[in-house]
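What follows is a single structure, written as structure tokens, with notes after it.
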Amino acid sequence: MKRYERRIEEKNYVVSVVRALTDIAVVVAIAIFLFVYFGDNVKIAGTSMEPTFSDEAVLLLDKFTYAYKDAERYDVVAFNIEGSDTVYIKRIIGLPGENVQIRYGKIYINGKELKDDVVKDAEKIINAGVYEKEIKLGEDEYFVLGDNRNSSEDSRFTTIGNVKKENIIGKAWLEVTSLDDFGLVNNKE
């Protein structure tokens with residue numbers, strides 16, 4: 001009888017070890033997934049996103065969401081442009097297929113003024129750039145602007161232009177600059 005009890009104890013021990021190793025493997029896999037898809041960080045260079053984010057603000061990116069969902073108006077995104085390693089942080093204003101124009105210092109989407117812009121009490125846009133004339137976005141293009149509209153290099157200028165979906169690295173979801181500047185990024189303020 002003792003030998004039988006010892007075998008049961010040994011089996012229970014092996015089962016416990018296997019369960020513990022399985023739990024550890026699952027936790028490690030989840031940690032790796034979270035780090036890879038939600039832990040990549042970028043640093044803002046300059047004042048183009050003020051007052052929302054200051055120069056050298058650090059943001060964590062969600063690189064997973066856009067794999068199954070399209071970017072939305074007002075999302076703060078990180079992207080690059082072809083031929084450059086520079087990562088830009090801007091806010092999506094125009095969506096694929098929309099007509100965008102800047103006139104009289106205001107943004108127009110499909111001929112209607114964008115009244116619910118997240119930049120409250122924003123100054124009129126001084127330089128409309130190429131968007132002085134109405135431009136139709138391609139089916140894979142986004143029109144992006146910095147929140148500091150008069151001090152931002154963005155889609156209005158040929159150096160950046162419209163951002164293709166494939167060039168979007170991820171959506172900003174958490175600011176981790178300091179304890180004072182720590183919190184979720186409210187993409188739809």
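Starting from 1 in every chain, residues are counted up; chains themselves are A, B, ... following the order of the structure tokens, and ligands are numbered from 1 as listed.
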Would you please extract all strand (DSSP E) residues from segment 115-184 of chain A, as assigned by DSSP on the backbone, and give them as a list in words?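 So the strand (DSSP E) residues in segment 115-184 of chain A would be Ile135, Lys136, Glu141, Tyr142, Phe143, Val144, Leu145, Val163, Lys164, Ile168, Ile169, Gly170, Lys171, Ala172, Trp173, Leu174, Glu175, Val176, Phe182, Gly183 and Leu184 of chain A.
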With a distance cut-off of 6 Å and only C-alpha atoms, select the neighbouring residues of segment 83-93 of chain A, excluding the residue or stretch itself and same-chain residues fewer than 3 positions from it, and output the selection as a PDB file with N, CA and C atoms, in the first residue's frame.
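What ended up in result19.pdb:
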```
ATOM      1  N   ARG A  73     -10.310  58.871 -36.881  1.00  0.00           N
ATOM      2  CA  ARG A  73     -10.052  60.296 -36.774  1.00  0.00           C
ATOM      3  C   ARG A  73      -9.682  60.628 -35.327  1.00  0.00           C
ATOM      4  N   TYR A  74      -8.677  61.438 -35.159  1.00  0.00           N
ATOM      5  CA  TYR A  74      -8.138  61.939 -33.890  1.00  0.00           C
ATOM      6  C   TYR A  74      -7.190  60.968 -33.193  1.00  0.00           C
ATOM      7  N   ASP A  75      -6.969  59.780 -33.727  1.00  0.00           N
ATOM      8  CA  ASP A  75      -5.950  58.901 -33.143  1.00  0.00           C
ATOM      9  C   ASP A  75      -4.590  59.586 -33.261  1.00  0.00           C
ATOM     10  N   VAL A  76      -3.794  59.484 -32.221  1.00  0.00           N
ATOM     11  CA  VAL A  76      -2.408  59.956 -32.261  1.00  0.00           C
ATOM     12  C   VAL A  76      -1.569  58.761 -32.687  1.00  0.00           C
ATOM     13  N   VAL A  77      -0.867  58.915 -33.804  1.00  0.00           N
ATOM     14  CA  VAL A  77      -0.138  57.790 -34.372  1.00  0.00           C
ATOM     15  C   VAL A  77       1.342  58.111 -34.581  1.00  0.00           C
ATOM     16  N   ALA A  78       2.135  57.061 -34.563  1.00  0.00           N
ATOM     17  CA  ALA A  78       3.544  57.144 -34.939  1.00  0.00           C
ATOM     18  C   ALA A  78       3.660  56.551 -36.334  1.00  0.00           C
ATOM     19  N   PHE A  79       4.445  57.199 -37.180  1.00  0.00           N
ATOM     20  CA  PHE A  79       4.614  56.717 -38.550  1.00  0.00           C
ATOM     21  C   PHE A  79       5.985  57.140 -39.059  1.00  0.00           C
ATOM     22  N   ASN A  80       6.370  56.534 -40.147  1.00  0.00           N
ATOM     23  CA  ASN A  80       7.572  56.989 -40.833  1.00  0.00           C
ATOM     24  C   ASN A  80       7.207  57.231 -42.293  1.00  0.00           C
ATOM     25  N   PHE A 143      -4.645  61.847 -43.648  1.00  0.00           N
ATOM     26  CA  PHE A 143      -4.182  63.224 -43.524  1.00  0.00           C
ATOM     27  C   PHE A 143      -3.917  63.470 -42.048  1.00  0.00           C
ATOM     28  N   VAL A 144      -2.673  63.829 -41.701  1.00  0.00           N
ATOM     29  CA  VAL A 144      -2.290  64.013 -40.303  1.00  0.00           C
ATOM     30  C   VAL A 144      -1.814  65.442 -40.068  1.00  0.00           C
ATOM     31  N   LEU A 145      -2.088  65.919 -38.857  1.00  0.00           N
ATOM     32  CA  LEU A 145      -1.626  67.244 -38.431  1.00  0.00           C
ATOM     33  C   LEU A 145      -1.062  67.146 -37.028  1.00  0.00           C
ATOM     34  N   GLY A 146      -0.123  68.040 -36.723  1.00  0.00           N
ATOM     35  CA  GLY A 146       0.317  68.198 -35.349  1.00  0.00           C
ATOM     36  C   GLY A 146      -0.718  69.043 -34.609  1.00  0.00           C
TER      37      GLY A 146
END
```
Determine which residues of segment 22-112 of chain A DSSP labels as alpha helix (DSSP H) from the backbone of this structure, then write them out as a list in words.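 Selection result, alpha helix (DSSP H) within segment 22-112 of chain A: Thr22, Asp23, Ile24, Ala25, Val26, Val27, Val28, Ala29, Ile30, Ala31, Ile32, Phe33, Leu34, Phe35, Val36, Tyr37 and Phe38 of chain A.
Closest approach to Gly111 of chain A from the set A:Arg19, A:Lys69, A:Lys136, A:Lys171 is made by A:Lys136, with distances taken over only C-alpha atoms.
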Compile a residue-level contact table for segment 110-134 of chain A against segment 153-156 of chain A at a cut-off of 10 Å, reporting for every qualifying residue the shortest atom pair and its distance in Å to one decimal, with only C-alpha atoms counted, rows ordered by chain and ascending number, as a tab-separated table.
```
residue	atom	partner	partner_atom	distance
A:Asn127	CA	A:Arg156	CA	8.2
A:Ala128	CA	A:Arg156	CA	6.3
A:Gly129	CA	A:Arg156	CA	4.8
A:Val130	CA	A:Arg156	CA	5.4
A:Tyr131	CA	A:Arg156	CA	5.8
A:Glu132	CA	A:Arg156	CA	8.7
```
Restricting the calculation to only C-alpha atoms, which member of A:Asp116, A:Glu175, A:Glu98, A:Glu82 is positioned closest to Val163 of chain A?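 Going through A:Asp116, A:Glu175, A:Glu98, A:Glu82 one by one, the smallest distance to Val163 of chain A is for A:Glu82.
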Excluding same-chain residues fewer than 4 positions from Leu60 of chain A, what lies within 8 Å of it counting only C-alpha atoms, as number ranges by chain? A: 38-42, 172-176
Generate the output file for the selected residues, N, CA and C atoms, as a compact mmCIF listing (two decimals), in the first residue's frame.
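Output saved as out02.txt:
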```txt
# COMPACT_ATOMS: atom_id res chain seq x y z
N PHE A 38 2.74 46.37 -27.27
CA PHE A 38 2.26 47.52 -26.51
C PHE A 38 3.37 48.25 -25.76
N GLY A 39 4.60 47.80 -25.88
CA GLY A 39 5.68 48.38 -25.08
C GLY A 39 6.69 49.19 -25.86
N ASP A 40 6.55 49.24 -27.18
CA ASP A 40 7.48 50.03 -27.98
C ASP A 40 7.25 51.50 -27.66
N ASN A 41 8.33 52.25 -27.45
CA ASN A 41 8.13 53.65 -27.11
C ASN A 41 8.78 54.56 -28.14
N VAL A 42 8.25 55.78 -28.21
CA VAL A 42 8.78 56.82 -29.09
C VAL A 42 8.86 58.11 -28.29
N ALA A 172 -0.53 55.75 -30.31
CA ALA A 172 -0.06 56.12 -28.97
C ALA A 172 -1.16 55.80 -27.97
N TRP A 173 -0.79 55.12 -26.87
CA TRP A 173 -1.82 54.76 -25.90
C TRP A 173 -1.47 55.17 -24.47
N LEU A 174 -0.19 55.41 -24.19
CA LEU A 174 0.20 55.76 -22.82
C LEU A 174 1.39 56.72 -22.86
N GLU A 175 1.27 57.81 -22.10
CA GLU A 175 2.41 58.72 -21.95
C GLU A 175 3.16 58.32 -20.69
N VAL A 176 4.47 58.17 -20.81
CA VAL A 176 5.30 57.73 -19.68
C VAL A 176 6.49 58.65 -19.48
```
List as a compact mmCIF listing (two decimals) with N, CA and C atoms, in the first residue's frame the protein and nucleic acid residues near Asn99 of chain A, meaning an atom at most 9 Å away when only C-alpha atoms are counted, but skip any in the same chain fewer than 4 places from it.
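Here's the written file selection.txt:
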```
# COMPACT_ATOMS: atom_id res chain seq x y z
N GLY A 94 -7.81 63.37 -41.47
CA GLY A 94 -8.55 62.91 -42.64
C GLY A 94 -8.39 61.42 -42.84
N LEU A 95 -9.49 60.77 -43.20
CA LEU A 95 -9.53 59.31 -43.36
C LEU A 95 -9.53 58.92 -44.84
N TYR A 108 -11.61 71.49 -43.67
CA TYR A 108 -12.87 71.03 -44.25
C TYR A 108 -12.71 69.58 -44.70
N ILE A 109 -13.66 68.76 -44.29
CA ILE A 109 -13.70 67.35 -44.68
C ILE A 109 -14.96 67.16 -45.52
N ASN A 110 -14.77 66.71 -46.75
CA ASN A 110 -15.89 66.52 -47.69
C ASN A 110 -16.76 67.77 -47.77
N GLY A 111 -16.11 68.93 -47.79
CA GLY A 111 -16.81 70.20 -47.97
C GLY A 111 -17.41 70.79 -46.71
N GLU A 134 -8.51 71.44 -52.49
CA GLU A 134 -9.08 70.19 -51.97
C GLU A 134 -8.33 68.99 -52.55
N ILE A 135 -8.01 68.04 -51.67
CA ILE A 135 -7.30 66.84 -52.07
C ILE A 135 -8.10 65.62 -51.61
N LYS A 136 -8.27 64.67 -52.52
CA LYS A 136 -8.95 63.42 -52.17
C LYS A 136 -7.89 62.42 -51.72
N LEU A 137 -8.09 61.89 -50.52
CA LEU A 137 -7.17 60.89 -49.98
C LEU A 137 -7.39 59.55 -50.66
```
